[in-house]
Every structure is written in C-alpha cells, then in structure tokens.
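Raw model_36.csv, CSV, C-alpha atoms:
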chain,number,residue,atom,x,y,z
A,184,MET,CA,62.5,42.4,147.7
A,185,PRO,CA,64.2,44.0,144.6
A,186,ARG,CA,61.8,46.1,142.6
A,187,HIS,CA,62.3,44.2,139.3
A,188,ILE,CA,61.5,40.9,141.1
A,189,LEU,CA,58.4,42.4,142.6
A,190,LEU,CA,57.3,43.7,139.2
A,191,SER,CA,57.7,40.3,137.7
A,192,LEU,CA,55.5,38.7,140.4
A,193,LEU,CA,52.8,41.3,140.0
A,194,LEU,CA,52.7,41.0,136.3
A,195,LEU,CA,52.4,37.2,136.4
A,196,SER,CA,49.9,37.0,139.3
A,197,SER,CA,46.8,37.3,137.1
A,198,ILE,CA,47.6,34.9,134.3
A,199,ALA,CA,49.0,31.4,133.7
A,200,ILE,CA,52.8,31.4,133.7
A,201,TYR,CA,54.8,30.0,130.8
A,202,GLY,CA,58.5,30.2,130.1
A,203,ARG,CA,61.6,31.6,131.9
A,204,ARG,CA,60.9,35.3,131.4
A,205,PRO,CA,57.9,37.5,132.3
A,206,VAL,CA,57.4,38.4,128.7
A,207,ASP,CA,57.1,34.8,127.6
A,208,THR,CA,53.7,34.4,129.1
A,209,TYR,CA,52.3,37.5,127.4
A,210,PHE,CA,53.7,36.4,124.0
A,211,VAL,CA,52.0,33.0,124.4
A,212,THR,CA,48.6,34.5,125.6
A,213,ALA,CA,48.5,37.5,123.2
A,214,PRO,CA,45.2,37.9,121.4
A,215,LYS,CA,44.8,36.0,118.2
A,216,GLN,CA,44.3,39.2,116.2
A,217,LEU,CA,47.8,40.3,117.1
A,218,LEU,CA,49.4,37.1,116.0
A,219,PRO,CA,47.0,35.3,113.7
A,220,GLN,CA,49.8,33.3,112.1
A,221,LEU,CA,50.7,31.5,115.3
A,222,SER,CA,48.8,29.1,117.5
A,223,GLU,CA,49.6,28.9,121.2
A,224,ASN,CA,51.8,25.8,120.5
A,225,ASN,CA,53.6,27.7,117.7
A,226,ARG,CA,54.5,30.5,120.1
A,227,LYS,CA,55.7,28.0,122.8
A,228,ASP,CA,57.8,26.2,120.2
A,229,LEU,CA,59.5,29.5,119.2
A,230,ILE,CA,60.4,30.2,122.8
A,231,ASP,CA,61.6,26.7,123.4
A,232,LEU,CA,63.8,26.8,120.3
A,233,PHE,CA,65.3,30.2,121.4
A,234,ASP,CA,66.0,28.8,124.9
A,235,ALA,CA,67.7,25.7,123.4
A,236,GLY,CA,70.0,27.9,121.4
A,237,GLN,CA,68.5,26.8,118.1
A,238,GLU,CA,67.2,28.8,115.2
A,239,SER,CA,63.9,30.2,116.7
A,240,ARG,CA,61.8,29.9,113.5
A,241,VAL,CA,58.6,28.1,112.8
A,242,ARG,CA,56.3,27.7,109.8
A,243,HIS,CA,52.7,28.7,110.1
A,244,PRO,CA,49.6,27.4,108.3
A,245,LEU,CA,49.6,30.3,105.8
A,246,GLY,CA,52.9,29.0,104.4
A,247,GLY,CA,55.3,31.6,105.7
A,248,THR,CA,57.7,31.6,108.6
A,249,VAL,CA,57.9,33.5,111.9
A,250,GLU,CA,61.2,34.1,113.7
A,251,ILE,CA,62.3,35.6,117.0
A,252,ILE,CA,64.6,38.6,116.4
A,253,SER,CA,65.2,39.5,120.0
A,254,LEU,CA,64.1,38.3,123.4
A,255,ASP,CA,64.8,39.3,127.0
A,256,ASP,CA,63.0,39.5,130.3
A,257,ARG,CA,60.8,42.5,129.2
A,258,GLN,CA,60.4,42.4,125.5
A,259,ILE,CA,60.1,40.1,122.5
A,260,THR,CA,60.4,41.0,118.8
A,261,VAL,CA,59.3,38.6,116.1
A,262,GLN,CA,59.6,38.9,112.3
A,263,LEU,CA,56.2,37.9,110.9
A,264,SER,CA,57.0,38.3,107.2
A,265,SER,CA,59.4,40.2,105.0
A,266,ALA,CA,57.2,43.3,105.5
A,267,SER,CA,56.0,43.0,109.1
A,268,SER,CA,57.2,42.5,112.6
A,269,LEU,CA,55.8,42.8,116.1
A,270,GLN,CA,57.2,43.8,119.5
A,271,ILE,CA,55.6,43.1,122.9
A,272,ALA,CA,57.2,44.9,125.8
A,273,LEU,CA,56.4,45.0,129.6
A,274,LEU,CA,56.5,48.4,131.1
A,275,PRO,CA,57.4,48.7,134.8
A,276,VAL,CA,54.8,50.3,137.0
A,277,ALA,CA,54.5,51.4,140.7
A,278,ASP,CA,51.3,49.5,141.5
A,279,THR,CA,49.8,46.1,140.8
A,280,THR,CA,48.5,46.9,137.3
A,281,GLY,CA,51.1,46.1,134.7
A,282,ILE,CA,51.0,47.6,131.2
A,283,ILE,CA,51.9,45.8,128.0
A,284,ALA,CA,53.0,47.8,124.9
A,285,VAL,CA,52.6,46.3,121.5
A,286,ILE,CA,54.3,47.7,118.4
A,287,GLU,CA,53.1,46.4,115.0
A,288,ASN,CA,55.5,47.3,112.2
A,289,VAL,CA,54.7,47.2,108.4
A,290,SER,CA,56.4,48.3,105.2
A,291,LEU,CA,53.8,49.1,102.6
A,292,PRO,CA,56.1,50.5,101.1
A,293,ALA,CA,57.0,53.2,103.7
A,294,ARG,CA,57.8,51.7,107.1
A,295,ASP,CA,55.1,52.5,109.7
A,296,SER,CA,54.1,51.4,113.2
A,297,ARG,CA,50.9,51.0,115.2
A,298,LEU,CA,51.4,51.4,118.9
A,299,SER,CA,48.9,50.1,121.4
A,300,PHE,CA,48.7,49.4,125.1
A,301,TYR,CA,47.0,46.7,127.2
A,302,ASP,CA,46.6,45.7,130.8
A,303,THR,CA,47.8,42.2,132.0
A,304,GLN,CA,44.5,40.7,131.1
A,305,TRP,CA,44.9,41.9,127.5
A,306,GLN,CA,42.2,44.6,127.9
A,307,PRO,CA,43.0,47.6,125.7
A,308,ILE,CA,44.1,50.8,127.4
A,309,PRO,CA,43.4,54.1,125.6
A,310,THR,CA,46.6,55.2,124.0
A,311,GLU,CA,46.2,58.8,125.0
A,312,ARG,CA,46.4,57.8,128.7
A,313,VAL,CA,49.9,56.5,128.1
A,314,PHE,CA,51.4,58.3,125.1
A,315,THR,CA,50.8,61.4,123.0
A,316,ALA,CA,51.6,60.6,119.4
A,317,PRO,CA,54.2,62.8,117.6
A,318,THR,CA,53.3,65.4,115.0
A,319,PRO,CA,55.4,66.3,111.9
A,320,GLU,CA,56.9,69.2,113.9
A,321,THR,CA,58.1,66.8,116.6
A,322,PHE,CA,60.7,65.5,114.2
A,323,MET,CA,62.0,69.0,113.2
A,324,ASP,CA,64.7,70.8,115.1
A,325,LYS,CA,66.1,73.1,112.5
A,326,GLY,CA,64.9,76.3,110.9
A,327,SER,CA,62.5,78.8,112.4
A,328,LYS,CA,59.2,78.0,113.9
A,329,ARG,CA,57.5,79.5,110.9
A,330,GLU,CA,59.5,77.3,108.5
A,331,ARG,CA,58.7,74.2,110.6
A,332,ARG,CA,55.0,75.0,110.7
A,333,GLN,CA,54.9,75.6,107.0
A,334,ALA,CA,56.8,72.4,106.3
A,335,ALA,CA,54.5,70.4,108.6
A,336,GLY,CA,51.6,71.6,106.6
A,337,LEU,CA,52.9,69.7,103.6
A,338,VAL,CA,52.6,66.4,105.4
A,339,ASP,CA,49.2,64.7,104.9
A,340,LEU,CA,50.2,61.5,106.6
A,341,LEU,CA,53.0,60.9,109.1
A,342,PRO,CA,54.6,57.4,108.9
A,343,VAL,CA,56.5,56.7,112.1
A,344,THR,CA,58.4,53.6,113.4
A,345,TYR,CA,58.6,52.8,117.1
A,346,THR,CA,60.8,50.5,119.1
A,347,ILE,CA,61.1,50.1,122.9
A,348,GLU,CA,64.6,49.7,124.4
A,349,GLY,CA,64.4,49.3,128.2
A,350,ASN,CA,62.4,52.3,129.5
A,351,THR,CA,62.8,54.3,126.3
A,352,LEU,CA,60.5,54.5,123.4
A,353,LEU,CA,62.3,55.6,120.2
A,354,ALA,CA,60.3,57.2,117.4
A,355,SER,CA,61.6,57.8,113.9
A,356,GLU,CA,59.8,59.3,110.9
A,357,THR,CA,60.1,57.6,107.5
A,358,LEU,CA,58.9,60.6,105.4
A,359,LYS,CA,61.6,60.0,102.8
A,360,GLU,CA,60.0,56.7,102.0
A,361,TYR,CA,56.5,58.2,101.7
A,362,LEU,CA,56.6,61.7,100.3
A,363,PRO,CA,57.3,62.7,96.7
A,364,ASP,CA,60.9,64.0,96.2
A,365,GLU,CA,59.9,67.5,95.5
A,366,ILE,CA,58.0,67.8,98.9
A,367,TYR,CA,60.6,65.9,100.9
A,368,ASP,CA,63.4,68.1,99.6
A,369,ARG,CA,61.6,71.0,101.3
A,370,ILE,CA,61.1,69.1,104.6
A,371,GLY,CA,64.3,67.1,104.8
A,372,PRO,CA,66.7,69.9,105.8
A,373,LEU,CA,64.5,70.6,108.9
A,374,LEU,CA,64.4,67.1,110.3
A,375,ARG,CA,66.2,65.7,113.3
A,376,GLU,CA,69.1,63.4,112.6
A,377,LYS,CA,68.3,61.1,115.6
A,378,PRO,CA,65.1,59.4,116.8
A,379,VAL,CA,62.9,61.2,119.3
A,380,ALA,CA,63.3,59.5,122.7
A,381,TYR,CA,60.4,59.2,125.1
A,382,ARG,CA,61.1,58.1,128.7
A,383,TRP,CA,58.8,55.8,130.7
A,384,THR,CA,57.8,57.5,134.0
A,385,GLY,CA,55.9,54.6,135.4
A,386,LYS,CA,52.6,56.0,134.1
A,387,ARG,CA,53.4,57.6,130.7
A,388,PHE,CA,55.9,58.0,128.0
A,389,THR,CA,57.2,61.6,128.0
A,390,PRO,CA,59.7,63.3,125.7

Could you write out this structure as structure tokens?
Amino acid sequence: MPRHILLSLLLLSSIAIYGRRPVDTYFVTAPKQLLPQLSENNRKDLIDLFDAGQESRVRHPLGGTVEIISLDDRQITVQLSSASSLQIALLPVADTTGIIAVIENVSLPARDSRLSFYDTQWQPIPTERVFTAPTPETFMDKGSKRERRQAAGLVDLLPVTYTIEGNTLLASETLKEYLPDEIYDRIGPLLREKPVAYRWTGKRFTP
C-alpha cells in the first residue's frame, strides 16, 4: 500500500471521519479554543462550499466572516479576521501516531505566529519535542559572529511568522514591523533575505 494512503488511514482511524481529505476531519474537530468563531456546522459548511467550487466564506456569531484561503489533503488555512489566520497541517509519521501542527497568525501590529503541536486526539505535544524555536541569530547570515551576537542582544522580542508547505516549515522574522527604526537599521543589514526552512524528518523539524 502506498505510504501516503497508509498515513491517511492511520490518521483517521481514531476519530470520526468527515470530508474528502484527511485534514477536513481535524479542521471540523479542532478544539473550540482554536476556532472559537466557528461551530462544527460552520466548519463543515466552509468545506462543503469549497468542494462545491463556491466562495468558501461564512459569517460567525460575532459578526465577522471566516474564509478558507487554501486547502489540500494535508493542510487548511483560514482567514479568521483582517488581523488573524490559522493553519492546520498533518505531518507524515512512520508509526501509528499522527502529529497535527497548528499555526496561529496575528498582526498586532507586527505579524507574529504561535506554533503548537497535537496528537490525533487533539492532546497537546510539547513543542520542544518537535521543534526548536529560532533565535534572533538564526535569521542572520551576514557579518561576523561578534556582530551578529551584538545585534541579537538588541532584540527584546522576536516576532516570527510560520507557514507549512508540504514537509517544510518556513520561518520569517518581522523585526522591521516591530523594532524602532534606529535599532532595526543596525540589525537589518545582517538579516537573511529568505525565510529559514526546516525539514520534517518524520519526528522533528530540523534546519
């Protein structure tokens, strides 16, 4: 049996199935605290609209709208408001325990993400078991080690945005949106031009 088919069967074996894709079920059954705007029926309506080729947008009781931005077998991204979005992604594994990655994105005003992991019963998995968060120096690839170390010391808070594409987690700093100009002008010349890519090994994301 092809590995991707076996993965789908393993992921869905412990939870009620909904929708065409493996990720549909986990979007519908995600904990309320992750998607407080949407009831289970709202979530099903979004998927049904998407599958019907219609505008996949619903209004929620708080008065706003939620829209599917992208959806495939292993990930779904929804726009929750003008300042927030959420991605749920299924990570392939070598055993019977699937891992769900959730990325919560906000813009307040600097863009920032919260990355968390769960098993297929939506029980939290400690993040450090799966991923080591970047530091300011992770995003620097220019200048000397001393210059990078000194520049990193100017960063009191590191806003980072994440997105998962296939088996790759992309991390991008948004320091320009957060730091005062006079500090960013000292750090900016040392920063990478492209996101930092982490590869999924089947157990962890590694750079």

Given all atoms listed in the file as the counted atoms, nearest of A:Thr384, A:Thr303, A:Thr346, A:Gln237 to Ile283 of chain A: A:Thr303

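Restricting the calculation to only C-alpha atoms, the smallest distance between Arg312 of chain A and any of A:Val206, A:Ser299, A:Ile251, A:Thr344 is found for A:Ser299.
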
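For the choices A:Ser327, A:Thr351, A:Gln216, A:Asn224, the atom-to-atom distance to Trp383 of chain A is smallest for A:Thr351 when using all atoms listed in the file.
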
With all atoms listed in the file as the atoms that count, which of A:Ile366, A:Val338, A:Val379, A:Ile286 lies nearest to Thr321 of chain A? A:Val379

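Take the candidates A:Ser253, A:Gln333, A:Gln270, A:Thr318 and check each one against Leu352 of chain A using only C-alpha atoms; the shortest distance goes to A:Gln270.
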
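For the residues A:Tyr361, A:Phe233, A:Phe314, A:Tyr381, ranking by smallest atom-to-atom distance to Leu341 of chain A using all atoms listed in the file places A:Tyr361 first.
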
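Atom CA of Thr260 of chain A is found 11.5 Å from atom CA of Ser239 of chain A.
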
Using all atoms listed in the file, list the residues that have an atom at most 9 Å from (61.4, 49.0, 127.4), coordinates as in the file, as JSON, numbers by chain. {"A": [257, 258, 272, 273, 274, 275, 284, 346, 347, 348, 349, 350, 351, 352, 383]}

Interatomic distance (Å, one decimal) between atom CA of Ala316 of chain A and atom CA of Thr389 of chain A: 10.3 Å

What does the structure give for the distance between atom CA of Lys377 of chain A and atom CA of Arg294 of chain A, in Å to one decimal? 16.5 Å

For Asp255 of chain A, work out the shell of residues within 9 Å, counting all atoms listed in the file and skipping chain neighbours fewer than 4 positions away, then give it as a ChimeraX atom specification. /A:204-207,259

Excluding same-chain residues fewer than 4 positions from Lys227 of chain A, what lies within 10 Å of it counting all atoms listed in the file, as a ChimeraX atom specification? /A:201-202,207-208,210-211,221-223,231-233
